$ cat protein-v6.pdb   # PDB, C-alpha atoms
ATOM      1  CA  MET A 128       0.000   0.000   0.000  1.00  0.00           C
ATOM      2  CA  TYR A 129       2.764   2.466   0.929  1.00  0.00           C
ATOM      3  CA  LYS A 130       4.934   1.659  -2.096  1.00  0.00           C
ATOM      4  CA  SER A 131       2.152   1.757  -4.690  1.00  0.00           C
ATOM      5  CA  ILE A 132      -0.157   4.500  -3.365  1.00  0.00           C
ATOM      6  CA  PHE A 133       1.076   6.663  -0.502  1.00  0.00           C
ATOM      7  CA  LYS A 134       4.718   7.013  -1.553  1.00  0.00           C
ATOM      8  CA  PRO A 135       3.928   8.340  -5.088  1.00  0.00           C
ATOM      9  CA  LEU A 136       1.304  10.703  -3.666  1.00  0.00           C
ATOM     10  CA  LEU A 137       3.638  12.028  -0.969  1.00  0.00           C
ATOM     11  CA  ASP A 138       6.411  12.418  -3.559  1.00  0.00           C
ATOM     12  CA  ARG A 139       4.336  14.621  -5.862  1.00  0.00           C
ATOM     13  CA  LEU A 140       2.887  16.731  -3.050  1.00  0.00           C
ATOM     14  CA  ALA A 141       6.329  17.275  -1.491  1.00  0.00           C
ATOM     15  CA  ALA A 142       7.903  18.053  -4.891  1.00  0.00           C
ATOM     16  CA  LEU A 143       5.259  20.681  -5.645  1.00  0.00           C
ATOM     17  CA  LEU A 144       5.664  22.266  -2.206  1.00  0.00           C
ATOM     18  CA  LEU A 145       9.461  22.340  -2.438  1.00  0.00           C
ATOM     19  CA  LEU A 146       9.407  23.796  -5.954  1.00  0.00           C
ATOM     20  CA  LEU A 147       7.275  26.648  -4.665  1.00  0.00           C
ATOM     21  CA  LEU A 148       9.406  27.204  -1.564  1.00  0.00           C
ATOM     22  CA  LEU A 149      12.735  26.858  -3.361  1.00  0.00           C
ATOM     23  CA  ALA A 150      11.785  28.854  -6.460  1.00  0.00           C
ATOM     24  CA  PRO A 151      14.072  31.768  -5.427  1.00  0.00           C
ATOM     25  CA  VAL A 152      17.003  29.360  -4.942  1.00  0.00           C
ATOM     26  CA  LEU A 153      16.371  27.737  -8.324  1.00  0.00           C
ATOM     27  CA  ILE A 154      16.171  31.119 -10.069  1.00  0.00           C
ATOM     28  CA  ILE A 155      19.277  32.544  -8.380  1.00  0.00           C
ATOM     29  CA  THR A 156      21.285  29.365  -9.077  1.00  0.00           C
ATOM     30  CA  ALA A 157      20.211  29.446 -12.736  1.00  0.00           C
ATOM     31  CA  LEU A 158      21.189  33.112 -13.078  1.00  0.00           C
ATOM     32  CA  ILE A 159      24.606  32.553 -11.490  1.00  0.00           C
ATOM     33  CA  LEU A 160      25.268  29.590 -13.779  1.00  0.00           C
ATOM     34  CA  PHE A 161      24.220  31.602 -16.830  1.00  0.00           C
ATOM     35  CA  ILE A 162      26.564  34.450 -15.890  1.00  0.00           C
ATOM     36  CA  LYS A 163      29.512  32.269 -14.893  1.00  0.00           C
ATOM     37  CA  MET A 164      29.220  29.317 -17.291  1.00  0.00           C
ATOM     38  CA  GLY A 165      26.764  30.319 -19.993  1.00  0.00           C
ATOM     39  CA  ARG A 166      24.408  27.895 -21.683  1.00  0.00           C
ATOM     40  CA  PRO A 167      23.144  25.292 -21.189  1.00  0.00           C
ATOM     41  CA  ILE A 168      22.073  25.867 -17.586  1.00  0.00           C
ATOM     42  CA  ILE A 169      20.333  22.509 -17.276  1.00  0.00           C
ATOM     43  CA  PHE A 170      22.133  19.213 -17.830  1.00  0.00           C
ATOM     44  CA  THR A 171      19.860  16.543 -19.312  1.00  0.00           C
ATOM     45  CA  GLN A 172      20.588  12.882 -19.854  1.00  0.00           C
ATOM     46  CA  ALA A 173      18.685   9.681 -20.556  1.00  0.00           C
ATOM     47  CA  ARG A 174      18.528   7.432 -17.491  1.00  0.00           C
ATOM     48  CA  PRO A 175      16.722   4.138 -16.752  1.00  0.00           C
ATOM     49  CA  GLY A 176      13.887   4.366 -14.246  1.00  0.00           C
ATOM     50  CA  TYR A 177      11.261   1.984 -12.909  1.00  0.00           C
ATOM     51  CA  GLN A 178      11.497  -1.399 -14.679  1.00  0.00           C
ATOM     52  CA  GLY A 179      14.303   0.060 -16.795  1.00  0.00           C
ATOM     53  CA  LYS A 180      12.024   2.545 -18.605  1.00  0.00           C
ATOM     54  CA  ILE A 181      14.120   5.403 -20.003  1.00  0.00           C
ATOM     55  CA  PHE A 182      13.405   8.978 -18.933  1.00  0.00           C
ATOM     56  CA  THR A 183      15.245  12.320 -19.099  1.00  0.00           C
ATOM     57  CA  ILE A 184      16.855  13.462 -15.864  1.00  0.00           C
ATOM     58  CA  TYR A 185      17.315  17.178 -15.081  1.00  0.00           C
ATOM     59  CA  LYS A 186      20.217  18.663 -13.133  1.00  0.00           C
ATOM     60  CA  PHE A 187      21.940  22.023 -12.954  1.00  0.00           C
ATOM     61  CA  ARG A 188      25.108  21.878 -15.035  1.00  0.00           C
ATOM     62  CA  SER A 189      28.175  21.806 -12.810  1.00  0.00           C
ATOM     63  CA  MET A 190      30.931  21.057 -15.343  1.00  0.00           C
ATOM     64  CA  SER A 191      32.328  23.358 -18.023  1.00  0.00           C
ATOM     65  CA  ASN A 192      32.533  22.362 -21.695  1.00  0.00           C
ATOM     66  CA  GLU A 193      36.291  22.902 -21.867  1.00  0.00           C
ATOM     67  CA  ARG A 194      38.149  20.813 -24.441  1.00  0.00           C
ATOM     68  CA  GLY A 195      41.770  19.975 -25.017  1.00  0.00           C
ATOM     69  CA  GLU A 196      43.830  20.647 -28.149  1.00  0.00           C
ATOM     70  CA  ASP A 197      42.523  17.366 -29.595  1.00  0.00           C
ATOM     71  CA  GLY A 198      38.951  18.664 -29.376  1.00  0.00           C
ATOM     72  CA  LYS A 199      37.927  16.155 -26.725  1.00  0.00           C
ATOM     73  CA  LEU A 200      36.332  17.173 -23.438  1.00  0.00           C
ATOM     74  CA  LEU A 201      38.770  17.519 -20.569  1.00  0.00           C
ATOM     75  CA  SER A 202      38.512  15.150 -17.607  1.00  0.00           C
ATOM     76  CA  ASP A 203      35.726  15.588 -15.043  1.00  0.00           C
ATOM     77  CA  LYS A 204      38.287  16.818 -12.518  1.00  0.00           C
ATOM     78  CA  GLU A 205      39.487  19.543 -14.891  1.00  0.00           C
ATOM     79  CA  ARG A 206      35.961  20.652 -15.808  1.00  0.00           C
ATOM     80  CA  LEU A 207      34.530  20.645 -12.275  1.00  0.00           C
ATOM     81  CA  LYS A 208      35.768  23.852 -10.735  1.00  0.00           C
ATOM     82  CA  GLY A 209      34.730  27.314  -9.582  1.00  0.00           C
ATOM     83  CA  ILE A 210      30.990  27.862  -9.325  1.00  0.00           C
ATOM     84  CA  GLY A 211      30.254  24.373 -10.649  1.00  0.00           C
ATOM     85  CA  GLN A 212      32.271  22.771  -7.866  1.00  0.00           C
ATOM     86  CA  LYS A 213      30.501  24.951  -5.290  1.00  0.00           C
ATOM     87  CA  ILE A 214      27.074  24.016  -6.614  1.00  0.00           C
ATOM     88  CA  ARG A 215      28.026  20.336  -6.560  1.00  0.00           C
ATOM     89  CA  SER A 216      29.359  20.544  -2.975  1.00  0.00           C
ATOM     90  CA  LEU A 217      26.077  22.123  -1.808  1.00  0.00           C
ATOM     91  CA  SER A 218      24.044  19.547  -3.793  1.00  0.00           C
ATOM     92  CA  LEU A 219      22.231  22.410  -5.563  1.00  0.00           C
ATOM     93  CA  ASP A 220      22.769  20.614  -8.863  1.00  0.00           C
ATOM     94  CA  GLU A 221      20.167  18.053  -7.760  1.00  0.00           C
ATOM     95  CA  LEU A 222      17.300  20.555  -7.331  1.00  0.00           C
ATOM     96  CA  PRO A 223      15.895  20.349 -10.912  1.00  0.00           C
ATOM     97  CA  GLN A 224      15.169  16.668 -10.224  1.00  0.00           C
ATOM     98  CA  LEU A 225      12.161  17.926  -8.259  1.00  0.00           C
ATOM     99  CA  PHE A 226      10.529  18.266 -11.701  1.00  0.00           C
ATOM    100  CA  ASN A 227      11.321  14.584 -12.343  1.00  0.00           C
ATOM    101  CA  VAL A 228       9.599  13.691  -9.081  1.00  0.00           C
ATOM    102  CA  LEU A 229       6.594  15.860  -9.952  1.00  0.00           C
ATOM    103  CA  LYS A 230       6.344  14.145 -13.349  1.00  0.00           C
ATOM    104  CA  GLY A 231       6.460  10.715 -11.713  1.00  0.00           C
ATOM    105  CA  ASP A 232       9.764   9.632 -13.272  1.00  0.00           C
ATOM    106  CA  MET A 233      11.510   9.611  -9.899  1.00  0.00           C
ATOM    107  CA  SER A 234      10.898   9.432  -6.172  1.00  0.00           C
ATOM    108  CA  PHE A 235      12.578  11.380  -3.396  1.00  0.00           C
ATOM    109  CA  ILE A 236      13.979   8.140  -1.969  1.00  0.00           C
ATOM    110  CA  GLY A 237      15.242   5.234  -4.077  1.00  0.00           C
ATOM    111  CA  PRO A 238      18.312   3.887  -5.889  1.00  0.00           C
ATOM    112  CA  ARG A 239      20.047   6.644  -7.857  1.00  0.00           C
ATOM    113  CA  PRO A 240      19.327   6.502 -11.617  1.00  0.00           C
ATOM    114  CA  LEU A 241      22.560   5.484 -13.349  1.00  0.00           C
ATOM    115  CA  LEU A 242      23.649   5.371 -16.993  1.00  0.00           C
ATOM    116  CA  VAL A 243      21.643   3.519 -19.648  1.00  0.00           C
ATOM    117  CA  GLU A 244      24.819   1.755 -20.763  1.00  0.00           C
ATOM    118  CA  TYR A 245      24.949  -0.073 -17.412  1.00  0.00           C
ATOM    119  CA  LEU A 246      21.659  -1.929 -17.959  1.00  0.00           C
ATOM    120  CA  PRO A 247      23.149  -5.039 -19.645  1.00  0.00           C
ATOM    121  CA  LEU A 248      25.995  -5.158 -17.097  1.00  0.00           C
ATOM    122  CA  TYR A 249      23.927  -5.856 -13.982  1.00  0.00           C
ATOM    123  CA  THR A 250      23.662  -9.262 -12.383  1.00  0.00           C
ATOM    124  CA  PRO A 251      20.047 -10.446 -11.838  1.00  0.00           C
ATOM    125  CA  THR A 252      20.319  -9.386  -8.195  1.00  0.00           C
ATOM    126  CA  GLN A 253      21.711  -5.933  -9.026  1.00  0.00           C
ATOM    127  CA  ALA A 254      18.958  -5.422 -11.613  1.00  0.00           C
ATOM    128  CA  LYS A 255      16.390  -5.522  -8.783  1.00  0.00           C
ATOM    129  CA  ARG A 256      17.301  -1.890  -8.100  1.00  0.00           C
ATOM    130  CA  HIS A 257      14.874  -1.105 -10.940  1.00  0.00           C
ATOM    131  CA  ASP A 258      11.945  -2.719  -9.112  1.00  0.00           C
ATOM    132  CA  VAL A 259      11.248   0.706  -7.583  1.00  0.00           C
ATOM    133  CA  LYS A 260      11.446   4.251  -8.933  1.00  0.00           C
ATOM    134  CA  PRO A 261      14.911   5.825  -8.797  1.00  0.00           C
ATOM    135  CA  GLY A 262      15.420   8.516  -6.178  1.00  0.00           C
ATOM    136  CA  ILE A 263      17.128  11.849  -5.615  1.00  0.00           C
ATOM    137  CA  THR A 264      18.744  10.191  -2.614  1.00  0.00           C
ATOM    138  CA  GLY A 265      18.835   6.638  -1.353  1.00  0.00           C
ATOM    139  CA  TRP A 266      20.134   4.054   1.097  1.00  0.00           C
ATOM    140  CA  ALA A 267      23.478   3.850  -0.728  1.00  0.00           C
ATOM    141  CA  GLN A 268      23.885   7.647  -0.661  1.00  0.00           C
ATOM    142  CA  VAL A 269      23.578   7.858   3.139  1.00  0.00           C
ATOM    143  CA  ASN A 270      25.993   4.945   3.491  1.00  0.00           C
ATOM    144  CA  GLY A 271      28.851   6.405   1.496  1.00  0.00           C
ATOM    145  CA  ARG A 272      27.418   7.932  -1.686  1.00  0.00           C
ATOM    146  CA  ASN A 273      30.276   7.996  -4.259  1.00  0.00           C
ATOM    147  CA  ALA A 274      32.917   7.011  -1.696  1.00  0.00           C
ATOM    148  CA  ILE A 275      31.944   3.300  -1.665  1.00  0.00           C
ATOM    149  CA  SER A 276      32.456   0.558  -4.262  1.00  0.00           C
ATOM    150  CA  TRP A 277      29.876  -0.379  -6.885  1.00  0.00           C
ATOM    151  CA  GLU A 278      29.287  -3.732  -5.180  1.00  0.00           C
ATOM    152  CA  GLU A 279      28.520  -2.018  -1.870  1.00  0.00           C
ATOM    153  CA  LYS A 280      26.326   0.545  -3.597  1.00  0.00           C
ATOM    154  CA  PHE A 281      24.220  -2.111  -5.317  1.00  0.00           C
ATOM    155  CA  ARG A 282      23.940  -4.135  -2.109  1.00  0.00           C
ATOM    156  CA  TYR A 283      22.436  -1.109  -0.370  1.00  0.00           C
ATOM    157  CA  ASP A 284      20.121  -0.483  -3.349  1.00  0.00           C
ATOM    158  CA  VAL A 285      18.735  -4.026  -3.243  1.00  0.00           C
ATOM    159  CA  ASP A 286      18.430  -3.895   0.548  1.00  0.00           C
ATOM    160  CA  TYR A 287      16.263  -0.803   0.118  1.00  0.00           C
ATOM    161  CA  VAL A 288      14.047  -2.497  -2.475  1.00  0.00           C
ATOM    162  CA  ASN A 289      13.519  -5.423  -0.088  1.00  0.00           C
ATOM    163  CA  GLN A 290      12.798  -3.238   2.972  1.00  0.00           C
ATOM    164  CA  ILE A 291      11.009  -0.207   1.528  1.00  0.00           C
ATOM    165  CA  SER A 292       8.757   1.498   4.091  1.00  0.00           C
ATOM    166  CA  LEU A 293       7.768   4.955   5.344  1.00  0.00           C
ATOM    167  CA  LYS A 294      10.021   4.491   8.385  1.00  0.00           C
ATOM    168  CA  MET A 295      13.024   3.709   6.191  1.00  0.00           C
ATOM    169  CA  ASP A 296      12.314   6.641   3.857  1.00  0.00           C
ATOM    170  CA  LEU A 297      12.131   9.055   6.802  1.00  0.00           C
ATOM    171  CA  LYS A 298      15.423   7.676   8.133  1.00  0.00           C
ATOM    172  CA  ILE A 299      17.116   8.141   4.745  1.00  0.00           C
ATOM    173  CA  ALA A 300      15.731  11.679   4.403  1.00  0.00           C
ATOM    174  CA  TYR A 301      17.128  12.599   7.836  1.00  0.00           C
ATOM    175  CA  LEU A 302      20.540  11.044   7.126  1.00  0.00           C
ATOM    176  CA  THR A 303      20.659  12.740   3.711  1.00  0.00           C
ATOM    177  CA  ALA A 304      20.242  16.142   5.348  1.00  0.00           C
ATOM    178  CA  LEU A 305      23.174  15.354   7.640  1.00  0.00           C
ATOM    179  CA  ARG A 306      25.322  14.192   4.721  1.00  0.00           C
ATOM    180  CA  VAL A 307      24.607  17.335   2.709  1.00  0.00           C
ATOM    181  CA  ILE A 308      25.465  19.560   5.677  1.00  0.00           C
ATOM    182  CA  LYS A 309      28.719  17.670   6.293  1.00  0.00           C
ATOM    183  CA  LYS A 310      29.434  17.338   2.517  1.00  0.00           C
ATOM    184  CA  GLU A 311      30.356  13.679   2.962  1.00  0.00           C
ATOM    185  CA  GLY A 312      30.744  11.050   0.243  1.00  0.00           C
ATOM    186  CA  ILE A 313      30.494  13.400  -2.748  1.00  0.00           C
ATOM    187  CA  SER A 314      33.570  11.927  -4.424  1.00  0.00           C
ATOM    188  CA  GLN A 315      35.172   8.518  -4.620  1.00  0.00           C
ATOM    189  CA  ASP A 316      38.836   8.366  -3.562  1.00  0.00           C
ATOM    190  CA  GLY A 317      40.908   9.649  -6.483  1.00  0.00           C
ATOM    191  CA  ASN A 318      37.898  10.796  -8.517  1.00  0.00           C
ATOM    192  CA  VAL A 319      35.669  13.869  -8.483  1.00  0.00           C
ATOM    193  CA  THR A 320      32.666  11.674  -9.179  1.00  0.00           C
ATOM    194  CA  MET A 321      32.435   7.864  -9.467  1.00  0.00           C
ATOM    195  CA  GLU A 322      34.479   5.676 -11.756  1.00  0.00           C
ATOM    196  CA  LYS A 323      32.464   3.916 -14.439  1.00  0.00           C
ATOM    197  CA  PHE A 324      30.793   0.603 -13.677  1.00  0.00           C
ATOM    198  CA  LYS A 325      32.471  -2.222 -15.608  1.00  0.00           C
ATOM    199  CA  GLY A 326      29.995  -4.987 -14.811  1.00  0.00           C
ATOM    200  CA  GLY A 327      28.843  -7.115 -11.893  1.00  0.00           C
ATOM    201  CA  LYS A 328      30.265 -10.454 -10.880  1.00  0.00           C
ATOM    202  CA  LYS A 329      28.163 -13.093 -12.617  1.00  0.00           C
TER     203      LYS A 329
END
$ encode --input "protein-v6.pdb" --output "structure tokens"
Amino acid sequence: MYKSIFKPLLDRLAALLLLLLLAPVLIITALILFIKMGRPIIFTQARPGYQGKIFTIYKFRSMSNERGEDGKLLSDKERLKGIGQKIRSLSLDELPQLFNVLKGDMSFIGPRPLLVEYLPLYTPTQAKRHDVKPGITGWAQVNGRNAISWEEKFRYDVDYVNQISLKMDLKIAYLTALRVIKKEGISQDGNVTMEKFKGGKK
């Protein structure tokens, strides 16, 4: 009952309320990005959602479009700097995902939506992360975020799918607030984000 009815309803109501309350923050962040980094302000990308259905995720752009002499984009570390790095550290880049929640593509709490190219790489157990809607934050994020291994991340994702409840969602929401304040787990050791997933152990 909670997973199929109350959780989606609470998600949409909370997303609408937060969009209204945070409208000034969204507008100011967009203006700063436009002045400092130019267009595009919003980063969009195809991501797999519930049951692997593809949707478009929205985030504030935090990386520049700088390229090397060969015309290729510079590394994430080289492109994540200045205002983009600040926005990432404050998790402001995640705010446009409130529109994804309002549309029903995402939930507030759930496994993070990863790249489409990872879909054929999951083990059957890891693929269970798509048995619920992806979230802005999740059980893996409050237990290490990008600072833990892929295997640990997926274990937490599947644990969440198996234990989903209002009590667990409230716990994750509380721990997420603490993580954001402390700025913990944003990067994996040696990387500004997370190294690419190469495939699960079959």
$ resolve_selection --input "protein-v6.pdb" --expression "the PyMOL selection byres ((chain A and resi 227) around 10)" --output "list in words"
Arg139, Ala142, Phe182, Thr183, Ile184, Tyr185, Lys186, Leu222, Pro223, Gln224, Leu225, Phe226, Val228, Leu229, Lys230, Gly231, Asp232, Met233, Ser234, Phe235, Gly262 and Ile263 of chain A
$ write_last_selection --input "protein-v6.pdb" --atoms "C-alpha atoms" --output "short mmCIF file (atom, residue, chain, number, x, y, z; two decimals), in the frame of the given file"
data_model
loop_
_atom_site.label_atom_id
_atom_site.label_comp_id
_atom_site.auth_asym_id
_atom_site.auth_seq_id
_atom_site.Cartn_x
_atom_site.Cartn_y
_atom_site.Cartn_z
CA ARG A 139 4.34 14.62 -5.86
CA ALA A 142 7.90 18.05 -4.89
CA PHE A 182 13.40 8.98 -18.93
CA THR A 183 15.24 12.32 -19.10
CA ILE A 184 16.86 13.46 -15.86
CA TYR A 185 17.32 17.18 -15.08
CA LYS A 186 20.22 18.66 -13.13
CA LEU A 222 17.30 20.56 -7.33
CA PRO A 223 15.90 20.35 -10.91
CA GLN A 224 15.17 16.67 -10.22
CA LEU A 225 12.16 17.93 -8.26
CA PHE A 226 10.53 18.27 -11.70
CA VAL A 228 9.60 13.69 -9.08
CA LEU A 229 6.59 15.86 -9.95
CA LYS A 230 6.34 14.14 -13.35
CA GLY A 231 6.46 10.72 -11.71
CA ASP A 232 9.76 9.63 -13.27
CA MET A 233 11.51 9.61 -9.90
CA SER A 234 10.90 9.43 -6.17
CA PHE A 235 12.58 11.38 -3.40
CA GLY A 262 15.42 8.52 -6.18
CA ILE A 263 17.13 11.85 -5.62
#
$ closest_atom_pairs --input "protein-v6.pdb" --of "range 209-259 of chain A" --to "range 295-311 of chain A" --cutoff "8 Å" --atoms "all atoms listed in the file" --output "JSON lines"
{"residue": "A:Ser216", "atom": "CA", "partner": "A:Lys310", "partner_atom": "CA", "distance": 6.4}
{"residue": "A:Leu217", "atom": "CA", "partner": "A:Val307", "partner_atom": "CA", "distance": 6.7}
{"residue": "A:Ser218", "atom": "CA", "partner": "A:Val307", "partner_atom": "CA", "distance": 6.9}
{"residue": "A:Ile236", "atom": "CA", "partner": "A:Asp296", "partner_atom": "CA", "distance": 6.2}
$ closest_residue --input "protein-v6.pdb" --among "A:Leu242, A:Tyr283, A:Asn289, A:Ile155" --to "Gly271 in chain A" --atoms "all atoms listed in the file"
A:Tyr283
$ closest_residue --input "protein-v6.pdb" --among "A:Lys260, A:Arg188, A:Lys199, A:Lys325" --to "Glu278 in chain A" --atoms "all atoms listed in the file"
A:Lys325
$ residues_around --input "protein-v6.pdb" --residues "Thr156 in chain A" --least-positions-apart "2" --cutoff "9 Å" --atoms "all atoms listed in the file" --output "ChimeraX atom specification"
/A:151-154,158-161,187,214,219-220
$ atom_distance --input "protein-v6.pdb" --atom1 "CA of Lys180 in chain A" --atom2 "CA of Leu143 in chain A"
23.3 Å
$ atom_distance --input "protein-v6.pdb" --atom1 "CA of Tyr245 in chain A" --atom2 "CA of Gly326 in chain A"
7.5 Å
$ atom_distance --input "protein-v6.pdb" --atom1 "CA of Ile162 in chain A" --atom2 "CA of Leu145 in chain A"
24.9 Å
$ residues_around --input "protein-v6.pdb" --residues "Gly237 in chain A" --least-positions-apart "5" --cutoff "10 Å" --atoms "only C-alpha atoms" --output "PyMOL selection string"
chain A and resi 256-268+284-285+287-288+291+296+299
$ closest_residue --input "protein-v6.pdb" --among "A:Pro175, A:Ser276, A:Leu201, A:Glu221" --to "Pro247 in chain A" --atoms "only C-alpha atoms"
A:Pro175
$ closest_residue --input "protein-v6.pdb" --among "A:Val269, A:Met190, A:Ile132, A:Leu246" --to "Lys163 in chain A" --atoms "only C-alpha atoms"
A:Met190
$ closest_residue --input "protein-v6.pdb" --among "A:Ala157, A:Leu293, A:Ala254, A:Leu148" --to "Phe281 in chain A" --atoms "all atoms listed in the file"
A:Ala254
